[in-house]
Amino acid sequence: MKNEWPLWEVFIRGQHGLNHRHVGSLHAPDAEMAIKNARDVYTRRNEGVSIWVVEARHIAASAPGDKGPLFDPSESKIYRHPTFYDIPEEVGHM
Amino acid sequence: MAEVDQKALFEFLLRMGDNTLVLGHRVSEWCGHSPILEEDIALANTALDLIGQTQLWLGLAGEVEGKGRSADDLAFLRDVWDFRNVLLTELPNGDFGRTLLRQFLFDAWASIMLGRLQKSSDPRIAAIAEKASKEVAYHVERSADTVVGLGDGTQESHDRMQAALEYLWPYVGEMFQSDDVDAAMVAAGIAPDPAGLRAEYDALIGAVLDEATLTLPKGDFAHKGGRTGYMHTEHLGHMLCHMQWLQRAYPGCDW
Amino acid sequence: MYAQMIKTARSGVKSREEMSEQEREFQDKVDNNIKIEPQDWMPDDYRATLIRQMGQHAHSEVVGQLPEGNWITRAPTLERKAILLAKVQDEAGHGLYLYSAAETLGETRDELVNLLHEGKMKYSSIFNYPTLNWADIGAVGWLVDGAAIVNQVALQRTSYGPYSRAMIRICKEESFHARQGYDAIRVLAQGSPEQKKMAQDALNRLWFPALMMFGPSDSESVHSEQSMAWKIKVKSNDELRQQFVDQTIPQIEYLGLDLPDPNIKWNEERGHYDFSEPNWPEFFDVIKGNGPCNVDRMEKRVAAWEDGTWVRDGLLAHARKKAAQKIAAE
């Protein structure tokens with residue numbers, strides 16, 4: 001059996017209450033140690049308040065070849081964006 | 001507070017600061033040589049915490065002594081006989097398992113001790129203990145996990161951990177010995193009697209060693225002489241040769 | 001730079017006509033500064049070259065712990081000890097980030113480490129030089145990390161996404177390294193005569209090895225052209241070296257130390273400093289394994305890895321036992 005520690009992807013929520021963000025990866029024998037290692041490796045400079053780890057092999061990803069069908073259709077829906085609408089200046093901030 | 005014997009207080013602070021100084025130095029020796037990068041980084045964090053605690057304990061010691069000695073003066077310009085760390089902390093690293101087991105045996109004591117010191121009648125000590133407690137809470141969690149993982153890992157890792165325990169066990173008792181200095185601290189409400197921490201300690205390490213499938217050695221013989229400075233091991237002098245070399249070779253310089 | 005003499009996996013750059021449609025699409029992305037991501041199609045040679053470059057870069061960070069680690073136990077104050085330890089720890093972190101980036105291409109860290117230990121991959125020549133006095137610690141941070149930053153700032157724009165992101169993270173941490181180094185050597189340069197001697201000795205010894213970090217002149221490097229086209233490499237070796245020299249000379253002068261090379265002179269016409277070439281035969285000797293510390297460095301790395309086997313295996317065995325117990329209980 002191969003004895004390399006599994007690879008984990010690390011997600012950290014920073015100080016400002018934003019979403020957990022992918023920051024990198026590391027190796028650990030199990031999830032508990034992965035969290036500890038993430039604490040030691042990725043929060044040395046006070047970067048985080050919360051850590052998620054997930055074993056890399058459990059991540060499902062969209063295929064690069066599907067990029068067109070997945071993402072291009074939203075390009076034409078410009079009416080979803082607030083800048084699409086002209087609001088008269090007299091109305092004030094909206 | 002005025003009635004506390006300042007000499008005894010100085011002595012107590014040296015014991016706290018020399019423990020973290022000497023152990024921090026030992027742990028830092030691993031930097032660049034650990035079994036895997038993640039452990040290398042984690043160990044360095046532990047060493048950094050210990051060095052930081054040293055600056056606080058020895059800084060306060062110098063203040064209490066009142067002779068103008070800084071934390072650096074105390075760390076780099078005393079000889080072996082003036083060091084007050086327990087022998088456990090100065091023992092050579094040995095293999096990674098022995099280092100982590102020594103760390104756990106110390107962390108367990110430190111976590112209990114610092115918990116008590118947060119209620120010290122001396123607010124300066126309580127403040128240091130509060131800061132250090134957070135660090136040590138993580139240290140003990142991590143070192144306990146590693147002791148369990150290696151104790152209950154492969155046959156080889158189990159055997160190595162059991163051997164490490166046999167080697168280290170006779171150095172555990174010194175952390176719980178009491179003398180006049182401790183009595184003075186107790187009387188002033190500054191620090192607890194070390195002997196009084198033993199039951200909690202045994203429960204803590206007992207649970208972890210049990211999970212690690214390790215067997216406590218029989219016998220309660222305890223080496224001593226570190227925290228009183230009466231008789232250190234031969235290892236400490238060699239450590240100081242490294243640690244103090246520049247300050248000794250080029251006295252009076254700024255660095 | 002931490003990656004020197006990277007062999008690009010093919011010779012010569014293909015013209016557009018020679019490229020397949022996939023290759024053209026790929027090159028268009030690179031030309032338009034669209035990052036290449038792990039699952040995207042990429043030429044085999046691009047992948048192979050990247051693995052070599054990121055691997056060598058990662059190895060350099062990890063082997064680079066040794067020369068500075070050499071002084072952790074001898075640092076002269078508690079603060080210097082903490083700073084140095086934190087700095088060397090960062091190098092381990094940088095190695096880890098770079099191995100992670102390489103792993104996105106399907107080469108595991110253990111595989112890369114094995115290649116290093118078998119002598120099939122290299123690390124930067126600079127780490128085969130010894131650190132002999134305390135001022136070397138200042139000089140390494142200031143000159144070696146300073147040189148690395150010059151290169152790594154450029155590499156933040158590299159075409160491969162994970163490599164670029166690792167570089168961004170590393171650069172953020174790296175400026176602490178150069179600054180702490182300069183701070184340490186500045187105290188010595190302004191200190192006692194003996195301390196000043198340490199500082200001068202360190203500068204004299206490490207100057208040319210630092211210049212070598214950028215690799216030989218591009219005119220002699222057969223691999224640069226393709227790597228530049230792929231934006232695995234962003235600036236030429238000579239450009240980067242000149243940039244480093246230009247930024248460092250005023251810093252030496254500020255310290256009041258003697259210049260380490262009598263030929264250093266401001267060239268009004270070029271708008272740059274002139275300087276002597278490093279001793280390239282020495283560089284090739286070091287690359288071939290004959291540097292002052294090659295054998296020692298590898299011996300230490302291999303020992304750390306081999307002595308650690310029982311630890312890695314033990315912790316993994318425990319994790320597997322726990323997982324099996326959990327499944328059995330469910």
# chains A, B, ... in the order shown; residues from 1 in each chain; ligands from 1
call {"tool": "interface_residues", "arguments": {"of": "chain A", "to": "chain C", "cutoff": "10 Å", "atoms": "only C-alpha atoms", "output": "MDAnalysis selection string"}}
result
chainID A and resid 2:9 23:33 40:42 44:45 61:65
call {"tool": "closest_atom_pairs", "arguments": {"of": "chain B", "to": "chain A", "cutoff": "8 Å", "atoms": "only C-alpha atoms", "output": "tab-separated table"}}
result
residue	atom	partner	partner_atom	distance
B:Glu38	CA	A:Asn37	CA	6.0
B:Glu39	CA	A:Asn37	CA	7.7
B:Ile41	CA	A:Val41	CA	6.5
B:Ala42	CA	A:Asp40	CA	5.3
B:Asn45	CA	A:Asp40	CA	7.0
B:Arg142	CA	A:Lys36	CA	7.5
call {"tool": "select_by_dssp", "arguments": {"residues": "range 2-134 of chain B", "states": "alpha helix (DSSP H)", "output": "PyMOL selection string"}}
result
chain B and resi 6-28+37-65+71-76+87-90+96-117+123-134
call {"tool": "residues_around", "arguments": {"residues": "Ser124 in chain C", "least_positions_apart": "3", "cutoff": "8 Å", "atoms": "only C-alpha atoms", "output": "PDB file with N, CA, C and O atoms, in the first residue's frame"}}
result
ATOM      1  N   MET C   1      15.515  30.937 -10.757  1.00  0.00           N
ATOM      2  CA  MET C   1      16.505  31.496  -9.874  1.00  0.00           C
ATOM      3  C   MET C   1      16.704  30.571  -8.722  1.00  0.00           C
ATOM      4  O   MET C   1      17.737  29.984  -8.615  1.00  0.00           O
ATOM      5  N   TYR C   2      15.566  30.369  -7.949  1.00  0.00           N
ATOM      6  CA  TYR C   2      15.616  29.173  -7.144  1.00  0.00           C
ATOM      7  C   TYR C   2      15.523  28.007  -8.114  1.00  0.00           C
ATOM      8  O   TYR C   2      15.813  26.887  -7.803  1.00  0.00           O
ATOM      9  N   ALA C   3      15.061  28.314  -9.352  1.00  0.00           N
ATOM     10  CA  ALA C   3      15.057  27.322 -10.424  1.00  0.00           C
ATOM     11  C   ALA C   3      16.056  27.791 -11.466  1.00  0.00           C
ATOM     12  O   ALA C   3      15.838  28.778 -12.143  1.00  0.00           O
ATOM     13  N   GLN C   4      17.195  27.095 -11.537  1.00  0.00           N
ATOM     14  CA  GLN C   4      18.226  27.495 -12.493  1.00  0.00           C
ATOM     15  C   GLN C   4      18.379  26.434 -13.549  1.00  0.00           C
ATOM     16  O   GLN C   4      18.228  25.255 -13.277  1.00  0.00           O
ATOM     17  N   GLN C  56      12.052  22.046  -8.742  1.00  0.00           N
ATOM     18  CA  GLN C  56      13.364  22.561  -8.360  1.00  0.00           C
ATOM     19  C   GLN C  56      13.226  23.764  -7.428  1.00  0.00           C
ATOM     20  O   GLN C  56      13.987  23.925  -6.476  1.00  0.00           O
ATOM     21  N   HIS C  57      12.234  24.558  -7.721  1.00  0.00           N
ATOM     22  CA  HIS C  57      11.972  25.721  -6.867  1.00  0.00           C
ATOM     23  C   HIS C  57      11.605  25.262  -5.441  1.00  0.00           C
ATOM     24  O   HIS C  57      12.121  25.779  -4.445  1.00  0.00           O
ATOM     25  N   SER C  60      14.550  23.871  -3.585  1.00  0.00           N
ATOM     26  CA  SER C  60      15.451  24.942  -3.147  1.00  0.00           C
ATOM     27  C   SER C  60      14.989  25.538  -1.829  1.00  0.00           C
ATOM     28  O   SER C  60      15.798  25.853  -0.956  1.00  0.00           O
ATOM     29  N   PHE C 127      22.491  27.338  -2.232  1.00  0.00           N
ATOM     30  CA  PHE C 127      22.403  26.668  -0.933  1.00  0.00           C
ATOM     31  C   PHE C 127      23.512  25.644  -0.727  1.00  0.00           C
ATOM     32  O   PHE C 127      23.558  24.965   0.291  1.00  0.00           O
ATOM     33  N   ASN C 128      24.416  25.586  -1.704  1.00  0.00           N
ATOM     34  CA  ASN C 128      25.594  24.753  -1.524  1.00  0.00           C
ATOM     35  C   ASN C 128      26.782  25.553  -0.997  1.00  0.00           C
ATOM     36  O   ASN C 128      27.898  25.058  -0.951  1.00  0.00           O
ATOM     37  N   MET C 213      22.738  33.072  -8.881  1.00  0.00           N
ATOM     38  CA  MET C 213      21.390  32.525  -8.714  1.00  0.00           C
ATOM     39  C   MET C 213      20.524  32.741  -9.944  1.00  0.00           C
ATOM     40  O   MET C 213      19.592  31.981 -10.199  1.00  0.00           O
TER      41      MET C 213
END
call {"tool": "closest_residue", "arguments": {"among": "B:Asp182, B:Glu63, B:Glu174, B:Glu156", "to": "chain C", "atoms": "only C-alpha atoms"}}
result
B:Glu156
call {"tool": "closest_residue", "arguments": {"among": "C:Ala147, C:Leu112, C:Ala82, C:Ile232", "to": "chain B", "atoms": "only C-alpha atoms"}}
result
C:Ala82
call {"tool": "interface_residues", "arguments": {"of": "chain B", "to": "chain C", "cutoff": "6 Å", "atoms": "only C-alpha atoms", "output": "VMD selection string"}}
result
chain B and resid 32 to 35 41 48 72 149 to 150 152 to 154 157 242 to 243 246
call {"tool": "write_last_selection", "arguments": {"atoms": "N, CA and C atoms", "output": "PDB file, in the first residue's frame"}}
result
ATOM      1  N   GLY B  32      14.053  22.142   9.861  1.00  0.00           N
ATOM      2  CA  GLY B  32      14.729  21.666   8.657  1.00  0.00           C
ATOM      3  C   GLY B  32      15.028  20.177   8.661  1.00  0.00           C
ATOM      4  N   HIS B  33      14.709  19.487   9.739  1.00  0.00           N
ATOM      5  CA  HIS B  33      15.077  18.068   9.827  1.00  0.00           C
ATOM      6  C   HIS B  33      13.907  17.148  10.186  1.00  0.00           C
ATOM      7  N   SER B  34      12.693  17.674  10.184  1.00  0.00           N
ATOM      8  CA  SER B  34      11.546  16.887  10.635  1.00  0.00           C
ATOM      9  C   SER B  34      11.125  15.860   9.591  1.00  0.00           C
ATOM     10  N   PRO B  35      10.285  14.909  10.005  1.00  0.00           N
ATOM     11  CA  PRO B  35       9.876  13.832   9.094  1.00  0.00           C
ATOM     12  C   PRO B  35       9.068  14.306   7.882  1.00  0.00           C
ATOM     13  N   ILE B  41       6.940  22.677  10.190  1.00  0.00           N
ATOM     14  CA  ILE B  41       6.317  23.988  10.383  1.00  0.00           C
ATOM     15  C   ILE B  41       5.622  24.044  11.743  1.00  0.00           C
ATOM     16  N   LEU B  48       8.566  28.791  18.616  1.00  0.00           N
ATOM     17  CA  LEU B  48       8.382  30.249  18.629  1.00  0.00           C
ATOM     18  C   LEU B  48       7.543  30.693  19.825  1.00  0.00           C
ATOM     19  N   ASP B  72      17.555  38.868  27.733  1.00  0.00           N
ATOM     20  CA  ASP B  72      18.717  38.379  26.980  1.00  0.00           C
ATOM     21  C   ASP B  72      19.932  38.182  27.892  1.00  0.00           C
ATOM     22  N   GLY B 149      -1.190   8.901  18.014  1.00  0.00           N
ATOM     23  CA  GLY B 149      -1.006   8.392  16.650  1.00  0.00           C
ATOM     24  C   GLY B 149       0.199   7.473  16.538  1.00  0.00           C
ATOM     25  N   LEU B 150       1.292   7.859  17.173  1.00  0.00           N
ATOM     26  CA  LEU B 150       2.508   7.046  17.069  1.00  0.00           C
ATOM     27  C   LEU B 150       2.444   5.838  18.000  1.00  0.00           C
ATOM     28  N   ASP B 152      -0.208   4.219  18.941  1.00  0.00           N
ATOM     29  CA  ASP B 152      -1.158   3.273  18.360  1.00  0.00           C
ATOM     30  C   ASP B 152      -1.045   3.272  16.834  1.00  0.00           C
ATOM     31  N   GLY B 153       0.168   3.315  16.312  1.00  0.00           N
ATOM     32  CA  GLY B 153       0.376   3.331  14.859  1.00  0.00           C
ATOM     33  C   GLY B 153       0.825   1.977  14.374  1.00  0.00           C
ATOM     34  N   THR B 154       2.081   1.890  13.938  1.00  0.00           N
ATOM     35  CA  THR B 154       2.653   0.604  13.536  1.00  0.00           C
ATOM     36  C   THR B 154       3.340  -0.033  14.747  1.00  0.00           C
ATOM     37  N   SER B 157       6.428   2.073  15.443  1.00  0.00           N
ATOM     38  CA  SER B 157       6.204   3.370  16.102  1.00  0.00           C
ATOM     39  C   SER B 157       5.787   3.142  17.558  1.00  0.00           C
ATOM     40  N   HIS B 242      26.421  26.450  22.391  1.00  0.00           N
ATOM     41  CA  HIS B 242      25.828  26.948  21.151  1.00  0.00           C
ATOM     42  C   HIS B 242      25.100  28.258  21.384  1.00  0.00           C
ATOM     43  N   MET B 243      24.206  28.196  22.355  1.00  0.00           N
ATOM     44  CA  MET B 243      23.288  29.312  22.563  1.00  0.00           C
ATOM     45  C   MET B 243      24.040  30.600  22.881  1.00  0.00           C
ATOM     46  N   LEU B 246      28.004  33.602  20.680  1.00  0.00           N
ATOM     47  CA  LEU B 246      28.282  34.943  20.152  1.00  0.00           C
ATOM     48  C   LEU B 246      28.384  35.977  21.269  1.00  0.00           C
TER      49      LEU B 246
END
call {"tool": "select_by_dssp", "arguments": {"residues": "chain A", "states": "strand (DSSP E)", "output": "ChimeraX atom specification"}}
result
/A:7-13,21-27,50-55
call {"tool": "write_last_selection", "arguments": {"atoms": "N, CA, C and O atoms", "output": "PDB file, in the first residue's frame"}}
result
ATOM      1  N   LEU A   7      -3.751  14.077   0.266  1.00  0.00           N
ATOM      2  CA  LEU A   7      -3.706  15.515  -0.018  1.00  0.00           C
ATOM      3  C   LEU A   7      -5.038  16.159   0.369  1.00  0.00           C
ATOM      4  O   LEU A   7      -6.104  15.624   0.054  1.00  0.00           O
ATOM      5  N   TRP A   8      -4.964  17.275   1.065  1.00  0.00           N
ATOM      6  CA  TRP A   8      -6.174  17.994   1.509  1.00  0.00           C
ATOM      7  C   TRP A   8      -6.175  19.402   0.956  1.00  0.00           C
ATOM      8  O   TRP A   8      -5.122  20.042   0.898  1.00  0.00           O
ATOM      9  N   GLU A   9      -7.343  19.854   0.558  1.00  0.00           N
ATOM     10  CA  GLU A   9      -7.482  21.249   0.148  1.00  0.00           C
ATOM     11  C   GLU A   9      -7.948  22.050   1.366  1.00  0.00           C
ATOM     12  O   GLU A   9      -8.780  21.578   2.150  1.00  0.00           O
ATOM     13  N   VAL A  10      -7.415  23.241   1.503  1.00  0.00           N
ATOM     14  CA  VAL A  10      -7.660  24.038   2.706  1.00  0.00           C
ATOM     15  C   VAL A  10      -8.427  25.316   2.354  1.00  0.00           C
ATOM     16  O   VAL A  10      -8.089  26.011   1.397  1.00  0.00           O
ATOM     17  N   PHE A  11      -9.462  25.577   3.128  1.00  0.00           N
ATOM     18  CA  PHE A  11     -10.287  26.775   2.945  1.00  0.00           C
ATOM     19  C   PHE A  11     -10.314  27.544   4.260  1.00  0.00           C
ATOM     20  O   PHE A  11     -10.544  26.966   5.318  1.00  0.00           O
ATOM     21  N   ILE A  12     -10.086  28.831   4.180  1.00  0.00           N
ATOM     22  CA  ILE A  12      -9.990  29.629   5.408  1.00  0.00           C
ATOM     23  C   ILE A  12     -10.904  30.849   5.346  1.00  0.00           C
ATOM     24  O   ILE A  12     -10.976  31.519   4.313  1.00  0.00           O
ATOM     25  N   ARG A  13     -11.608  31.074   6.432  1.00  0.00           N
ATOM     26  CA  ARG A  13     -12.377  32.319   6.560  1.00  0.00           C
ATOM     27  C   ARG A  13     -11.492  33.334   7.242  1.00  0.00           C
ATOM     28  O   ARG A  13     -10.976  33.105   8.335  1.00  0.00           O
ATOM     29  N   ARG A  21     -12.284  30.789   1.852  1.00  0.00           N
ATOM     30  CA  ARG A  21     -11.627  30.890   0.545  1.00  0.00           C
ATOM     31  C   ARG A  21     -10.561  29.810   0.428  1.00  0.00           C
ATOM     32  O   ARG A  21      -9.878  29.514   1.405  1.00  0.00           O
ATOM     33  N   HIS A  22     -10.426  29.247  -0.762  1.00  0.00           N
ATOM     34  CA  HIS A  22      -9.366  28.264  -0.961  1.00  0.00           C
ATOM     35  C   HIS A  22      -8.011  28.941  -0.834  1.00  0.00           C
ATOM     36  O   HIS A  22      -7.767  29.949  -1.471  1.00  0.00           O
ATOM     37  N   VAL A  23      -7.133  28.405   0.033  1.00  0.00           N
ATOM     38  CA  VAL A  23      -5.818  29.034   0.204  1.00  0.00           C
ATOM     39  C   VAL A  23      -4.674  28.139  -0.249  1.00  0.00           C
ATOM     40  O   VAL A  23      -3.564  28.616  -0.462  1.00  0.00           O
ATOM     41  N   GLY A  24      -4.936  26.840  -0.407  1.00  0.00           N
ATOM     42  CA  GLY A  24      -3.850  25.967  -0.811  1.00  0.00           C
ATOM     43  C   GLY A  24      -4.130  24.548  -0.356  1.00  0.00           C
ATOM     44  O   GLY A  24      -5.267  24.221   0.005  1.00  0.00           O
ATOM     45  N   SER A  25      -3.095  23.734  -0.335  1.00  0.00           N
ATOM     46  CA  SER A  25      -3.297  22.352   0.066  1.00  0.00           C
ATOM     47  C   SER A  25      -2.160  21.900   0.966  1.00  0.00           C
ATOM     48  O   SER A  25      -1.184  22.623   1.169  1.00  0.00           O
ATOM     49  N   LEU A  26      -2.309  20.717   1.515  1.00  0.00           N
ATOM     50  CA  LEU A  26      -1.259  20.133   2.358  1.00  0.00           C
ATOM     51  C   LEU A  26      -1.522  18.640   2.518  1.00  0.00           C
ATOM     52  O   LEU A  26      -2.539  18.131   2.041  1.00  0.00           O
ATOM     53  N   HIS A  27      -0.601  17.966   3.171  1.00  0.00           N
ATOM     54  CA  HIS A  27      -0.759  16.536   3.416  1.00  0.00           C
ATOM     55  C   HIS A  27      -1.035  16.292   4.897  1.00  0.00           C
ATOM     56  O   HIS A  27      -0.491  16.980   5.765  1.00  0.00           O
ATOM     57  N   SER A  50     -11.485  30.590  10.876  1.00  0.00           N
ATOM     58  CA  SER A  50     -12.169  29.315  10.711  1.00  0.00           C
ATOM     59  C   SER A  50     -11.530  28.540   9.557  1.00  0.00           C
ATOM     60  O   SER A  50     -11.105  29.140   8.569  1.00  0.00           O
ATOM     61  N   ILE A  51     -11.439  27.216   9.729  1.00  0.00           N
ATOM     62  CA  ILE A  51     -10.755  26.389   8.724  1.00  0.00           C
ATOM     63  C   ILE A  51     -11.682  25.272   8.254  1.00  0.00           C
ATOM     64  O   ILE A  51     -12.334  24.618   9.076  1.00  0.00           O
ATOM     65  N   TRP A  52     -11.752  25.068   6.956  1.00  0.00           N
ATOM     66  CA  TRP A  52     -12.347  23.853   6.396  1.00  0.00           C
ATOM     67  C   TRP A  52     -11.250  23.079   5.684  1.00  0.00           C
ATOM     68  O   TRP A  52     -10.386  23.668   5.041  1.00  0.00           O
ATOM     69  N   VAL A  53     -11.307  21.763   5.785  1.00  0.00           N
ATOM     70  CA  VAL A  53     -10.424  20.946   4.940  1.00  0.00           C
ATOM     71  C   VAL A  53     -11.269  19.890   4.243  1.00  0.00           C
ATOM     72  O   VAL A  53     -12.282  19.429   4.792  1.00  0.00           O
ATOM     73  N   VAL A  54     -10.881  19.538   3.044  1.00  0.00           N
ATOM     74  CA  VAL A  54     -11.562  18.446   2.346  1.00  0.00           C
ATOM     75  C   VAL A  54     -10.509  17.668   1.564  1.00  0.00           C
ATOM     76  O   VAL A  54      -9.600  18.261   0.976  1.00  0.00           O
ATOM     77  N   GLU A  55     -10.616  16.365   1.632  1.00  0.00           N
ATOM     78  CA  GLU A  55      -9.620  15.569   0.936  1.00  0.00           C
ATOM     79  C   GLU A  55      -9.754  15.833  -0.564  1.00  0.00           C
ATOM     80  O   GLU A  55     -10.869  15.835  -1.108  1.00  0.00           O
TER      81      GLU A  55
END
call {"tool": "residues_around", "arguments": {"residues": "Gly17 in chain A", "least_positions_apart": "6", "cutoff": "12 Å", "atoms": "only C-alpha atoms", "output": "PyMOL selection string"}}
result
chain A and resi 47-50
